[in-house]
Each structure stands twice: as structure tokens, then as C-alpha cells.
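Pasting target.cif here (mmCIF, C-alpha atoms):
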```cif
data_structure
#
loop_
_atom_site.label_atom_id
_atom_site.label_comp_id
_atom_site.auth_asym_id
_atom_site.auth_seq_id
_atom_site.Cartn_x
_atom_site.Cartn_y
_atom_site.Cartn_z
CA MET S 1 -6.72 37.37 127.04
CA ALA S 2 -8.51 37.95 130.31
CA SER S 3 -12.24 38.49 130.52
CA SER S 4 -13.49 42.01 130.90
CA ALA S 5 -15.77 40.80 133.64
CA ASP S 6 -14.62 40.67 137.27
CA ARG S 7 -14.72 36.88 137.38
CA LEU S 8 -12.90 34.53 135.06
CA SER S 9 -14.94 33.38 132.08
CA LEU S 10 -14.62 30.22 129.99
CA ALA S 11 -16.72 29.71 126.85
CA MET S 12 -17.61 26.30 125.43
CA VAL S 13 -19.72 24.82 122.65
CA ALA S 14 -21.08 21.29 122.35
CA GLY S 15 -23.33 20.62 119.38
CA GLU S 16 -24.62 17.13 120.10
CA PRO S 17 -25.10 14.72 123.04
CA SER S 18 -21.68 13.08 122.81
CA GLY S 19 -19.99 16.48 123.01
CA ASP S 20 -22.23 17.46 125.92
CA LEU S 21 -20.96 14.43 127.87
CA LEU S 22 -17.33 15.17 126.99
CA ALA S 23 -17.63 18.80 127.99
CA ALA S 24 -19.46 17.98 131.22
CA ARG S 25 -16.63 15.67 132.22
CA LEU S 26 -14.10 18.40 131.49
CA LEU S 27 -16.17 20.89 133.52
CA SER S 28 -16.20 18.48 136.48
CA GLY S 29 -12.41 18.53 136.42
CA LEU S 30 -12.17 22.32 136.03
CA LYS S 31 -14.64 23.48 138.66
CA PRO S 32 -12.52 22.66 141.76
CA HIS S 33 -9.72 24.82 140.32
CA LEU S 34 -11.93 27.69 139.11
CA PRO S 35 -14.55 28.33 141.80
CA GLY S 36 -16.91 31.08 140.78
CA ALA S 37 -15.82 31.08 137.13
CA ARG S 38 -18.48 31.86 134.55
CA LEU S 39 -18.97 28.86 132.25
CA HIS S 40 -21.09 29.67 129.24
CA GLY S 41 -21.73 29.19 125.51
CA ILE S 42 -23.84 26.37 124.04
CA GLY S 43 -24.34 23.03 125.77
CA GLY S 44 -26.75 20.33 126.79
CA GLU S 45 -28.24 18.93 129.96
CA HIS S 46 -25.04 17.41 131.32
CA MET S 47 -23.11 20.65 130.97
CA ILE S 48 -25.99 22.64 132.47
CA ALA S 49 -25.97 20.26 135.45
CA GLN S 50 -22.36 21.40 136.03
CA GLY S 51 -23.49 25.03 136.31
CA PHE S 52 -23.06 25.88 132.63
CA GLU S 53 -25.07 28.73 131.07
CA SER S 54 -26.27 27.90 127.53
CA HIS S 55 -27.12 30.91 125.35
CA PHE S 56 -28.92 28.73 122.77
CA PRO S 57 -30.59 25.29 123.04
CA MET S 58 -28.03 22.69 121.98
CA ASP S 59 -30.56 20.87 119.80
CA GLN S 60 -30.62 23.87 117.47
CA LEU S 61 -27.15 22.76 116.37
CA THR S 62 -27.65 18.99 116.33
CA VAL S 63 -27.67 17.72 112.75
CA ARG S 64 -26.17 14.58 111.23
CA GLY S 65 -24.79 14.06 107.75
CA LEU S 66 -23.10 16.02 104.99
CA LEU S 67 -26.32 16.74 103.15
CA ALA S 68 -28.64 17.18 106.14
CA VAL S 69 -26.81 20.35 107.17
CA ILE S 70 -27.56 22.21 103.91
CA PRO S 71 -31.16 23.29 104.68
CA ARG S 72 -30.07 24.32 108.20
CA TYR S 73 -26.92 26.17 107.16
CA ARG S 74 -28.20 29.74 107.47
CA GLU S 75 -29.75 29.07 110.88
CA ILE S 76 -26.61 27.42 112.26
CA LYS S 77 -24.31 30.05 110.74
CA GLY S 78 -26.47 32.74 112.34
CA ILE S 79 -26.02 31.15 115.77
CA GLN S 80 -22.27 30.93 115.21
CA ASN S 81 -22.09 34.63 114.28
CA GLN S 82 -24.17 35.71 117.27
CA LEU S 83 -21.99 33.72 119.67
CA ARG S 84 -18.80 35.01 118.03
CA ASP S 85 -19.92 38.62 118.44
CA ARG S 86 -20.85 38.00 122.07
CA LEU S 87 -17.44 36.48 122.83
CA LEU S 88 -15.49 39.14 120.98
CA ALA S 89 -17.37 41.82 122.91
CA ASP S 90 -16.58 40.15 126.26
CA PRO S 91 -13.58 37.85 125.68
CA PRO S 92 -13.31 34.68 127.79
CA ALA S 93 -10.02 33.42 129.19
CA ALA S 94 -10.31 30.61 126.63
CA PHE S 95 -12.80 29.00 124.29
CA ILE S 96 -13.24 25.21 124.32
CA GLY S 97 -14.91 23.45 121.39
CA ALA S 98 -16.26 20.03 122.39
CA ASP S 99 -16.05 18.00 119.18
CA TYR S 100 -18.57 19.30 116.54
CA PRO S 101 -15.69 20.44 114.26
CA GLY S 102 -17.78 21.83 111.40
CA PHE S 103 -19.10 24.54 113.73
CA ASN S 104 -16.36 24.84 116.32
CA LEU S 105 -13.27 25.06 114.10
CA GLY S 106 -14.77 27.97 112.19
CA LEU S 107 -15.60 29.77 115.41
CA GLU S 108 -12.22 28.93 116.95
CA GLU S 109 -10.39 30.33 113.93
CA GLN S 110 -12.09 33.71 114.36
CA LEU S 111 -11.58 33.80 118.12
CA LYS S 112 -7.92 32.77 117.95
CA ALA S 113 -7.30 35.50 115.36
CA ALA S 114 -8.68 37.96 117.92
CA GLY S 115 -6.23 36.73 120.58
CA ILE S 116 -8.52 34.37 122.51
CA PRO S 117 -6.84 31.00 123.32
CA THR S 118 -8.76 28.07 121.84
CA VAL S 119 -8.87 24.44 122.93
CA HIS S 120 -10.49 21.70 120.84
CA TYR S 121 -11.64 18.45 122.49
CA ILE S 122 -11.60 15.93 120.74
CA GLY S 123 -9.29 15.86 117.70
CA PRO S 124 -11.17 15.58 114.38
CA GLN S 125 -10.49 12.26 112.65
CA ILE S 126 -8.09 13.70 110.08
CA TRP S 127 -6.30 10.34 110.17
CA ALA S 128 -9.43 8.77 108.66
CA TRP S 129 -10.54 11.38 106.12
CA ARG S 130 -10.32 15.10 105.27
CA GLY S 131 -6.64 15.33 106.14
CA GLY S 132 -6.50 18.76 104.53
CA ARG S 133 -8.43 20.03 107.53
CA ILE S 134 -5.13 20.15 109.45
CA LYS S 135 -4.43 23.53 107.79
CA LYS S 136 -7.58 24.95 109.36
CA ILE S 137 -6.77 23.31 112.68
CA ILE S 138 -3.36 25.01 112.72
CA ARG S 139 -5.07 28.37 112.24
CA ALA S 140 -7.91 27.66 114.67
CA VAL S 141 -6.57 25.68 117.63
CA SER S 142 -4.19 26.79 120.37
CA HIS S 143 -4.24 23.36 122.05
CA MET S 144 -5.73 20.04 120.95
CA LEU S 145 -7.00 17.38 123.36
CA VAL S 146 -7.02 13.87 121.88
CA VAL S 147 -8.57 10.62 123.12
CA PHE S 148 -6.47 8.08 121.20
CA PRO S 149 -2.71 7.67 121.85
CA PHE S 150 -1.68 7.53 118.18
CA GLU S 151 -3.18 10.98 117.53
CA GLN S 152 -0.50 12.82 119.52
CA GLU S 153 2.20 12.41 116.89
CA ILE S 154 -0.09 13.61 114.09
CA TYR S 155 -0.66 16.96 115.78
CA ARG S 156 2.92 17.29 117.01
CA GLN S 157 4.20 16.89 113.46
CA ALA S 158 1.76 19.61 112.35
CA GLY S 159 3.01 21.94 115.09
CA VAL S 160 -0.26 21.93 117.06
CA PRO S 161 0.22 21.70 120.86
CA VAL S 162 -1.50 18.50 121.96
CA SER S 163 -2.37 16.51 125.09
CA TYR S 164 -3.52 12.89 125.23
CA VAL S 165 -6.19 12.78 127.94
CA GLY S 166 -7.54 9.22 127.58
CA HIS S 167 -10.98 8.19 126.41
CA PRO S 168 -13.80 8.90 128.90
CA LEU S 169 -15.58 5.69 127.94
CA ALA S 170 -12.62 3.65 129.20
CA GLU S 171 -13.31 5.02 132.69
CA VAL S 172 -17.07 4.57 132.58
CA ILE S 173 -16.99 0.96 131.37
CA PRO S 174 -15.51 -1.56 133.85
CA LEU S 175 -12.51 -3.64 132.85
CA ALA S 176 -14.50 -6.74 133.84
CA PRO S 177 -18.16 -6.16 132.83
CA ASP S 178 -20.89 -7.91 134.81
CA GLU S 179 -22.78 -9.96 132.22
CA ALA S 180 -24.77 -11.89 134.81
CA GLY S 181 -25.86 -8.70 136.60
CA ALA S 182 -26.90 -7.10 133.30
CA ARG S 183 -29.07 -10.11 132.46
CA VAL S 184 -30.73 -9.97 135.86
CA LYS S 185 -31.45 -6.28 135.34
CA LEU S 186 -33.07 -6.95 131.95
CA GLY S 187 -34.94 -10.05 133.05
CA LEU S 188 -32.99 -12.32 130.70
CA PRO S 189 -32.13 -15.94 131.57
CA GLN S 190 -28.49 -16.52 132.46
CA ASP S 191 -28.22 -19.36 129.94
CA ALA S 192 -29.86 -17.48 127.06
CA ASN S 193 -28.04 -16.67 123.82
CA VAL S 194 -28.44 -12.89 123.65
CA VAL S 195 -27.90 -10.67 120.61
CA THR S 196 -28.01 -6.90 121.05
CA ILE S 197 -28.81 -4.86 117.95
CA MET S 198 -27.83 -1.19 117.80
CA PRO S 199 -28.81 0.42 114.48
CA GLY S 200 -27.92 3.91 115.71
CA SER S 201 -29.13 6.72 117.93
CA ARG S 202 -29.76 9.32 115.21
CA MET S 203 -32.92 9.32 113.13
CA SER S 204 -30.93 9.12 109.87
CA GLU S 205 -29.05 6.06 111.15
CA LEU S 206 -32.31 4.37 112.09
CA LYS S 207 -33.75 5.19 108.67
CA TYR S 208 -31.03 3.37 106.78
CA ASN S 209 -29.97 0.62 109.21
CA THR S 210 -33.10 -0.60 111.02
CA VAL S 211 -34.69 -2.83 108.40
CA ALA S 212 -31.50 -4.70 107.49
CA PHE S 213 -30.62 -5.16 111.19
CA VAL S 214 -34.06 -6.56 112.07
CA GLN S 215 -34.16 -8.74 108.95
CA ALA S 216 -30.81 -10.16 110.05
CA ALA S 217 -32.30 -10.84 113.49
CA ARG S 218 -35.15 -12.75 111.83
CA LEU S 219 -32.68 -14.89 109.86
CA LEU S 220 -30.69 -15.60 113.01
CA GLN S 221 -33.86 -16.53 114.84
CA GLN S 222 -34.68 -19.01 112.10
CA ARG S 223 -31.28 -20.65 112.65
CA ASP S 224 -31.62 -20.74 116.44
CA ARG S 225 -35.03 -20.28 118.04
CA SER S 226 -33.44 -19.83 121.46
CA LEU S 227 -31.79 -16.52 120.53
CA ARG S 228 -33.01 -13.48 122.44
CA PHE S 229 -32.79 -10.00 120.89
CA VAL S 230 -32.38 -6.71 122.72
CA ALA S 231 -32.35 -3.19 121.23
CA PRO S 232 -31.65 -0.07 123.33
CA MET S 233 -33.41 3.06 122.08
CA ALA S 234 -31.86 6.52 122.57
CA GLY S 235 -35.22 8.18 123.21
CA GLU S 236 -38.98 8.03 122.66
CA ARG S 237 -38.71 9.52 119.15
CA GLN S 238 -36.21 6.86 118.19
CA ARG S 239 -38.41 4.10 119.66
CA ARG S 240 -41.46 5.25 117.72
CA TYR S 241 -39.51 5.57 114.47
CA PHE S 242 -37.88 2.15 114.96
CA LEU S 243 -41.29 0.51 115.45
CA GLU S 244 -42.69 2.39 112.45
CA LEU S 245 -39.88 1.14 110.22
CA VAL S 246 -40.27 -2.42 111.53
CA ALA S 247 -44.02 -2.33 110.82
CA GLN S 248 -43.54 -0.91 107.32
CA ALA S 249 -41.16 -3.77 106.53
CA GLY S 250 -43.56 -6.40 107.93
CA LEU S 251 -41.09 -7.50 110.60
CA GLN S 252 -43.38 -7.32 113.65
CA ASP S 253 -42.99 -11.08 114.16
CA VAL S 254 -39.34 -10.64 115.24
CA GLU S 255 -39.36 -10.56 119.02
CA ILE S 256 -37.08 -7.78 120.25
CA LEU S 257 -36.89 -6.42 123.78
CA LEU S 258 -36.81 -2.63 123.33
CA LEU S 259 -35.11 -0.68 126.10
CA ASP S 260 -35.35 2.97 127.05
CA GLY S 261 -31.67 3.87 127.00
CA GLN S 262 -29.65 1.30 129.01
CA SER S 263 -27.30 0.75 126.08
CA HIS S 264 -24.43 -0.29 128.35
CA THR S 265 -26.62 -2.82 130.13
CA ALA S 266 -27.76 -4.18 126.76
CA ILE S 267 -24.16 -4.57 125.58
CA ALA S 268 -23.01 -6.15 128.86
CA ALA S 269 -25.83 -8.72 128.66
CA ALA S 270 -25.01 -9.76 125.09
CA ASP S 271 -23.16 -12.70 123.62
CA ALA S 272 -22.59 -10.64 120.47
CA VAL S 273 -23.65 -7.24 119.14
CA LEU S 274 -24.72 -5.99 115.71
CA VAL S 275 -23.75 -2.32 115.86
CA ALA S 276 -23.75 0.73 113.62
CA SER S 277 -20.30 2.21 113.01
CA GLY S 278 -19.42 5.02 115.40
CA THR S 279 -18.66 5.45 119.08
CA ALA S 280 -21.03 2.59 119.96
CA SER S 281 -18.59 0.13 118.34
CA LEU S 282 -15.88 1.30 120.74
CA GLU S 283 -18.30 0.80 123.64
CA VAL S 284 -18.88 -2.78 122.50
CA ALA S 285 -15.11 -3.37 122.34
CA LEU S 286 -14.65 -1.99 125.87
CA PHE S 287 -17.31 -4.45 127.03
CA LYS S 288 -15.12 -7.17 125.39
CA LYS S 289 -17.95 -8.40 123.16
CA PRO S 290 -17.80 -9.97 119.68
CA MET S 291 -19.50 -7.75 117.13
CA VAL S 292 -20.33 -7.03 113.52
CA ILE S 293 -20.01 -3.37 112.52
CA ALA S 294 -22.41 -2.22 109.82
CA TYR S 295 -23.53 1.05 108.30
CA LYS S 296 -25.83 2.26 105.56
CA MET S 297 -26.54 5.82 104.47
CA MET S 298 -28.01 7.95 101.68
CA ALA S 299 -26.57 6.75 98.35
CA LEU S 300 -25.17 10.15 97.36
CA GLU S 301 -23.52 10.62 100.76
CA TRP S 302 -21.96 7.16 100.46
CA GLN S 303 -20.52 8.00 97.04
CA ILE S 304 -18.89 11.11 98.52
CA LEU S 305 -17.52 9.47 101.66
CA ARG S 306 -16.22 6.25 100.12
CA HIS S 307 -13.67 8.23 98.10
CA CYS S 308 -12.50 10.24 101.12
CA ASN S 309 -11.44 7.48 103.49
CA TYR S 310 -7.67 7.09 103.98
CA GLN S 311 -7.63 3.65 105.54
CA PRO S 312 -9.36 0.31 105.07
CA TRP S 313 -11.24 0.43 108.38
CA VAL S 314 -14.19 2.54 109.53
CA GLY S 315 -14.93 0.87 112.89
CA LEU S 316 -13.01 2.26 115.86
CA PRO S 317 -12.01 -1.20 117.23
CA ASN S 318 -10.40 -2.06 113.88
CA ILE S 319 -8.77 1.38 113.54
CA LEU S 320 -7.22 1.05 117.01
CA ALA S 321 -6.10 -2.53 116.31
CA ARG S 322 -4.85 -1.55 112.81
CA GLU S 323 -6.48 -4.68 111.40
CA PHE S 324 -9.91 -6.23 110.86
CA VAL S 325 -10.41 -7.85 114.25
CA VAL S 326 -14.20 -7.72 113.68
CA PRO S 327 -16.18 -7.68 110.41
CA GLU S 328 -17.32 -4.44 108.77
CA LEU S 329 -20.22 -4.52 106.33
CA LEU S 330 -21.01 -1.19 104.70
CA GLN S 331 -23.77 0.07 102.41
CA ASP S 332 -24.72 -2.58 99.78
CA ALA S 333 -22.55 -5.17 101.55
CA ALA S 334 -24.74 -4.79 104.66
CA SER S 335 -27.51 -7.05 103.39
CA ALA S 336 -29.64 -8.91 105.89
CA GLN S 337 -28.14 -12.26 104.85
CA ALA S 338 -24.56 -11.00 105.08
CA LEU S 339 -25.20 -9.48 108.51
CA ALA S 340 -26.83 -12.69 109.76
CA ASP S 341 -23.98 -14.86 108.46
CA ALA S 342 -21.33 -12.61 110.02
CA MET S 343 -23.18 -12.50 113.34
CA TRP S 344 -23.56 -16.28 113.37
CA GLN S 345 -19.79 -16.59 113.03
CA GLN S 346 -19.28 -14.18 115.95
CA LEU S 347 -21.69 -16.17 118.10
CA SER S 348 -20.32 -19.62 117.31
CA ASP S 349 -16.52 -19.21 117.03
CA VAL S 350 -15.39 -19.72 120.64
CA PRO S 351 -11.60 -19.37 120.09
CA HIS S 352 -12.23 -16.10 118.24
CA ARG S 353 -14.37 -14.83 121.13
CA LEU S 354 -11.59 -15.53 123.64
CA GLN S 355 -8.97 -13.89 121.42
CA LEU S 356 -11.18 -10.82 120.97
CA ALA S 357 -11.67 -10.47 124.72
CA GLN S 358 -7.89 -10.37 125.20
CA ARG S 359 -7.36 -7.83 122.40
CA PHE S 360 -10.15 -5.61 123.71
CA THR S 361 -8.79 -5.77 127.27
CA GLU S 362 -5.41 -4.52 126.00
CA MET S 363 -7.23 -1.78 124.07
CA HIS S 364 -9.12 -0.78 127.21
CA HIS S 365 -5.90 -0.37 129.21
CA SER S 366 -4.36 1.79 126.46
CA LEU S 367 -7.31 4.23 126.62
CA LEU S 368 -7.61 4.40 130.39
CA ARG S 369 -6.72 7.73 132.00
CA ASN S 370 -8.51 10.11 134.37
CA SER S 371 -9.85 12.19 131.47
CA ALA S 372 -11.56 14.80 133.67
CA VAL S 373 -8.29 15.55 135.49
CA GLU S 374 -6.07 15.32 132.39
CA SER S 375 -8.28 17.50 130.18
CA ALA S 376 -8.81 20.08 132.94
CA ALA S 377 -5.05 20.26 133.56
CA ALA S 378 -4.44 20.99 129.88
CA VAL S 379 -7.02 23.80 129.86
CA LEU S 380 -5.57 25.27 133.06
CA ARG S 381 -2.13 25.37 131.42
CA VAL S 382 -3.60 27.19 128.42
CA ILE S 383 -5.10 29.92 130.61
CA GLY S 384 -2.01 30.19 132.82
CA ARG S 385 -3.53 28.54 135.87
CA GLY S 386 -1.77 25.19 135.60
#
```

Could you take the file, read its structure, and then write that structure out as C-alpha cells?
Amino acid sequence: MASSADRLSLAMVAGEPSGDLLAARLLSGLKPHLPGARLHGIGGEHMIAQGFESHFPMDQLTVRGLLAVIPRYREIKGIQNQLRDRLLADPPAAFIGADYPGFNLGLEEQLKAAGIPTVHYIGPQIWAWRGGRIKKIIRAVSHMLVVFPFEQEIYRQAGVPVSYVGHPLAEVIPLAPDEAGARVKLGLPQDANVVTIMPGSRMSELKYNTVAFVQAARLLQQRDRSLRFVAPMAGERQRRYFLELVAQAGLQDVEILLLDGQSHTAIAAADAVLVASGTASLEVALFKKPMVIAYKMMALEWQILRHCNYQPWVGLPNILAREFVVPELLQDAASAQALADAMWQQLSDVPHRLQLAQRFTEMHHSLLRNSAVESAAAVLRVIGRG
């Protein structure tokens, strides 16, 4: 359906920083083909830098966790309804939902029913949990963009048009990371044994992971006094909260170099990484680093999620490899001692480190495409411009 305005209009929604980055990359691929198009909806700083018009601040949507959304439901639903009404009154050529499926699939379903083509980027992890969501996806999505090769067949079998566009991180992270350069940048000795700890970028992740991660660092330090610890912080709020949690637990004696951002530099500089489950674990794999994946959460949320998972892995490197190539320690299993023991194994097992590097290099190649070009081409086909 064409826009009622004189110029072509595309609407998009990203609800959190990772979606903002995805959408911005897609916009960079679209803009050369759609000069003068109106790009609008809800997005963050990276989308806005591409000329995007955001009708609401993106952080009004950003919320993490099944239970955390409950007190914000009416506010978020109100934003969804306002945006829906705006788009139905002046239909865009297509709507693109950048991840954030809880919000975007509901909006896409209403827009598609009104005749507006809908694209969803990236595919929800129905292969991991909530497989019943495919019924909603069929109703809501005109075309799905996926970032993992194995996802194509899932959507094809369900009758959802799909394009594999590669994973943007595989383009951003070099095939041969520069460990020496990263250590120079961080002021770390070239011969140091470096452990990077990444308890998470969200406040809820910090709340549940920080103390166990830092206690594990203390135990590792007791085994090897030469170990150096680095922790990238996603922002000033996260840094303050991290330090507050460390102080409350009496762990100020653990020497950790805190960084403002620079997560990729921190991973590149590391000998091994202790990382919260999520996209960061894929980043570590693309940097070809040994790791231990860990995650803790609210007890009630854990009880809900542990019965919903369809496969034995939660970490993306293990899911892509279809086996436990790196350890996963979740909830009660993620004790400080268990994390320290698992990390020590990752640091000291040289044949395992070499084998991992080879597996992760193969994984990197499988995910490498020009995602901006591929995703833009798929959208252009949907709107009849491809």
C-alpha cells in the first residue's frame, strides 16, 4: 500500500539498543535506493543519525524480563496504539520491526491486516522457546529477515517468506582480531594473563550476575596473582551500579579495570572471557576467545523459563555448534567456585583453546554477509522496488 504522502514512507520500530543498531545498518543500505524517503517510527541514536524521525523516545520502550514489563504494560501498550493509529491514518509503503517481538509482532499483525506489508528483522528465537509464536508470526509478518542460516528452513516450512541476511556482528568483528593492539589500547602488558568479565549491559543482568562474577575473579586471582581483570561497562549508570554491588558484597579488593564501553577491545585483549548469556557470547566467539557462559535471574522468572527451553543450550556459540563447545552455568549452578573452576580450565587447556579458535573461525565465515545490502534488498523487494 503506498503512502498517502507525496514521498515514499517507511515506518520502523526498535525498542532497545541492539535493535537500534540493526535498524541503522538496514537504513544505511536502504537510503541510496530511496533518496528523499520519509523514515519514521520509534528508534534510537543510531537510527536518528541515519535521518530517522522518532515519534517517541526509544527508552520509553526499553524493558528487560518477563516480569519487569508488567508495571509498564499500560504505558507501552498506549505507545503501540498511538503509533498504530498514526500509521493506519497515513500508511507507509512497509513497516519494519527491528527485533523487540513482544511489541512489534502485535503491531505488525494489526498493520498487515490493514494491508500494510510488514518485515521483521530479526527472527524471534522460536527454535529455542515459545515455538507456538509461529502462529502469530504467520499472521503478522509479510517477510522475515534472519541472521542465522539454520533459521531459513524453519520459516519456509511455516510458509513465511524469509531471507538470510547474515549477522551484522560478523562484519564488524575482524576474522583475525588484533589482541596485541587491544592490549596497547588498554595499557595492558603483552605478556599478561587477561580475563574479561561481562556480567551484562542491563541493570537486571548486573543485579543478578555481578557478585558471582567478581567473586569468581577473586578466586581466580588467588590461584594466579598475575591475572589481570577487565570489565567493560555499557554506561555510567551501569558503572555506578556495578561498583555499588561490588561494595555491598565487600569485594573492593578485587582489582578490575573498568572501561567505558570498549567491549570489543576488552574481548580482543582477553585470554578468556566470563560472559552473561546473550549476544555478547556470540561476540566473544567471533573474537575466537575461550569463554564460560553464565546467567542468573529472578527465581520466579527462572522457574518459568527453564520449562520453556526446547534445546539443551542457551549460549549462541553452543546453539550454532549444536553442542557444548564452551561451558554454560545457569542460575544456582553459576556459583563463584563453579565459575572460577570453569574459567581456570578455559585459561589453562591449550589444545582446547586452539580447537575453539578453529571452530569459531568456521562459525564466523558462516555468518558473514553484507547485511546492510542483503537486508535492504529484501525490503526493496517487499515494496516493489527491488

* **Minimum-distance residue to Asn209 in chain S, chosen among S:His143, S:His264, S:Lys296, S:Arg237 (using only C-alpha atoms)** => S:Lys296

Which residues come within 10 Å of range 166-172 of chain S, counting only C-alpha atoms, excluding same-chain residues fewer than 2 positions away, as a tab-separated table (two decimals) with C-alpha atoms, keeping the file's coordinate frame?
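Output file around-v5.tsv is given in full below:
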```
chain	number	residue	atom	x	y	z
S	21	LEU	CA	-20.96	14.43	127.87
S	22	LEU	CA	-17.33	15.17	126.99
S	25	ARG	CA	-16.63	15.67	132.22
S	26	LEU	CA	-14.10	18.40	131.49
S	122	ILE	CA	-11.60	15.93	120.74
S	145	LEU	CA	-7.00	17.38	123.36
S	146	VAL	CA	-7.02	13.87	121.88
S	147	VAL	CA	-8.57	10.62	123.12
S	148	PHE	CA	-6.47	8.08	121.20
S	149	PRO	CA	-2.71	7.67	121.85
S	163	SER	CA	-2.37	16.51	125.09
S	164	TYR	CA	-3.52	12.89	125.23
S	174	PRO	CA	-15.51	-1.56	133.85
S	175	LEU	CA	-12.51	-3.64	132.85
S	264	HIS	CA	-24.43	-0.29	128.35
S	279	THR	CA	-18.66	5.45	119.08
S	282	LEU	CA	-15.88	1.30	120.74
S	283	GLU	CA	-18.30	0.80	123.64
S	286	LEU	CA	-14.65	-1.99	125.87
S	287	PHE	CA	-17.31	-4.45	127.03
S	363	MET	CA	-7.23	-1.78	124.07
S	364	HIS	CA	-9.12	-0.78	127.21
S	365	HIS	CA	-5.90	-0.37	129.21
S	366	SER	CA	-4.36	1.79	126.46
S	367	LEU	CA	-7.31	4.23	126.62
S	368	LEU	CA	-7.61	4.40	130.39
S	369	ARG	CA	-6.72	7.73	132.00
S	370	ASN	CA	-8.51	10.11	134.37
S	371	SER	CA	-9.85	12.19	131.47
S	372	ALA	CA	-11.56	14.80	133.67
S	374	GLU	CA	-6.07	15.32	132.39
S	375	SER	CA	-8.28	17.50	130.18
```

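The spacing separating CA of Gln331 in chain S from CA of Met297 in chain S amounts to 6.7 Å.
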
* Asked: In Å, how far is it from CA of Gly132 in chain S to CA of Ile154 in chain S?
  -> 12.6 Å

* To do: Kindly provide, as a ChimeraX atom specification, the polymer residues lying within 12 Å of (-5.8, 22.9, 132.7), counting all atoms listed in the file and using the coordinates exactly as they appear in the file.
  => /S:10,26-34,93-94,96,119,143,145,163,165,371-386

Keeping C-alpha atoms, export the residues of the selection given above as a PDB file, keeping the file's coordinate frame.
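The file below, part_29.pdb, is the result:
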```pdb
ATOM      1  CA  LEU S  10     -14.620  30.220 129.990  1.00  0.00           C
ATOM      2  CA  LEU S  26     -14.100  18.400 131.490  1.00  0.00           C
ATOM      3  CA  LEU S  27     -16.170  20.890 133.520  1.00  0.00           C
ATOM      4  CA  SER S  28     -16.200  18.480 136.480  1.00  0.00           C
ATOM      5  CA  GLY S  29     -12.410  18.530 136.420  1.00  0.00           C
ATOM      6  CA  LEU S  30     -12.170  22.320 136.030  1.00  0.00           C
ATOM      7  CA  LYS S  31     -14.640  23.480 138.660  1.00  0.00           C
ATOM      8  CA  PRO S  32     -12.520  22.660 141.760  1.00  0.00           C
ATOM      9  CA  HIS S  33      -9.720  24.820 140.320  1.00  0.00           C
ATOM     10  CA  LEU S  34     -11.930  27.690 139.110  1.00  0.00           C
ATOM     11  CA  ALA S  93     -10.020  33.420 129.190  1.00  0.00           C
ATOM     12  CA  ALA S  94     -10.310  30.610 126.630  1.00  0.00           C
ATOM     13  CA  ILE S  96     -13.240  25.210 124.320  1.00  0.00           C
ATOM     14  CA  VAL S 119      -8.870  24.440 122.930  1.00  0.00           C
ATOM     15  CA  HIS S 143      -4.240  23.360 122.050  1.00  0.00           C
ATOM     16  CA  LEU S 145      -7.000  17.380 123.360  1.00  0.00           C
ATOM     17  CA  SER S 163      -2.370  16.510 125.090  1.00  0.00           C
ATOM     18  CA  VAL S 165      -6.190  12.780 127.940  1.00  0.00           C
ATOM     19  CA  SER S 371      -9.850  12.190 131.470  1.00  0.00           C
ATOM     20  CA  ALA S 372     -11.560  14.800 133.670  1.00  0.00           C
ATOM     21  CA  VAL S 373      -8.290  15.550 135.490  1.00  0.00           C
ATOM     22  CA  GLU S 374      -6.070  15.320 132.390  1.00  0.00           C
ATOM     23  CA  SER S 375      -8.280  17.500 130.180  1.00  0.00           C
ATOM     24  CA  ALA S 376      -8.810  20.080 132.940  1.00  0.00           C
ATOM     25  CA  ALA S 377      -5.050  20.260 133.560  1.00  0.00           C
ATOM     26  CA  ALA S 378      -4.440  20.990 129.880  1.00  0.00           C
ATOM     27  CA  VAL S 379      -7.020  23.800 129.860  1.00  0.00           C
ATOM     28  CA  LEU S 380      -5.570  25.270 133.060  1.00  0.00           C
ATOM     29  CA  ARG S 381      -2.130  25.370 131.420  1.00  0.00           C
ATOM     30  CA  VAL S 382      -3.600  27.190 128.420  1.00  0.00           C
ATOM     31  CA  ILE S 383      -5.100  29.920 130.610  1.00  0.00           C
ATOM     32  CA  GLY S 384      -2.010  30.190 132.820  1.00  0.00           C
ATOM     33  CA  ARG S 385      -3.530  28.540 135.870  1.00  0.00           C
ATOM     34  CA  GLY S 386      -1.770  25.190 135.600  1.00  0.00           C
TER      35      GLY S 386
END
```

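Here, the PyMOL selection byres ((chain S and resi 245-251) around 9) matches Leu206, Lys207, Thr210, Val211, Val214, Gln215, Arg218, Arg240, Tyr241, Phe242, Leu243, Glu244, Gln252, Asp253 and Val254 of chain S.
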
* If we count only C-alpha atoms, what is near Val284 in chain S at a cut-off of 10 Å, once residues fewer than 4 positions away on the same chain are taken out, given as number ranges by chain? -> S: 173, 263-264, 266-268, 270, 272-275, 279-280, 288-291, 317, 360

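You will find CA of Ala182 in chain S at 18.6 Å from CA of Ser281 in chain S.
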
* Give as number ranges by chain the residues that the PyMOL selection byres ((chain S and resi 113) around 12) matches when applied to the coordinates above. => S: 1, 84, 88, 106-112, 114-118, 138-142

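Using only C-alpha atoms, the shortest contact distance between Leu347 in chain S and any of S:Ala217, S:Val325, S:Val194, S:Ala158 is found at S:Val194.
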
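The residue that comes closest to Met12 in chain S, out of S:Gly36, S:Pro71, S:Pro57, S:Pro92 and on the basis of all atoms listed in the file, is S:Pro92.
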
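Closest approach to Val292 in chain S among S:Ala37, S:Ala269, S:Leu330, S:Ile126 is made by S:Leu330 (distances from all atoms listed in the file).
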
* To do: Spell out the residues picked by the PyMOL selection byres ((chain S and resi 337) around 10) here, as JSON, numbers by chain.
  => {"S": [212, 213, 215, 216, 217, 218, 219, 220, 333, 334, 335, 336, 338, 339, 340, 341, 342, 343]}

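Minimum atom-to-atom distance to Tyr208 in chain S, evaluated using all atoms listed in the file, belongs to S:Ala294 out of S:Ile134, S:Ala294, S:Val162, S:Leu258.
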
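Minimum atom-to-atom distances from S:Ala299, S:Val13, S:Ala180, S:Leu257 to Met47 in chain S were compared using all atoms listed in the file, and the lowest value belongs to S:Val13.
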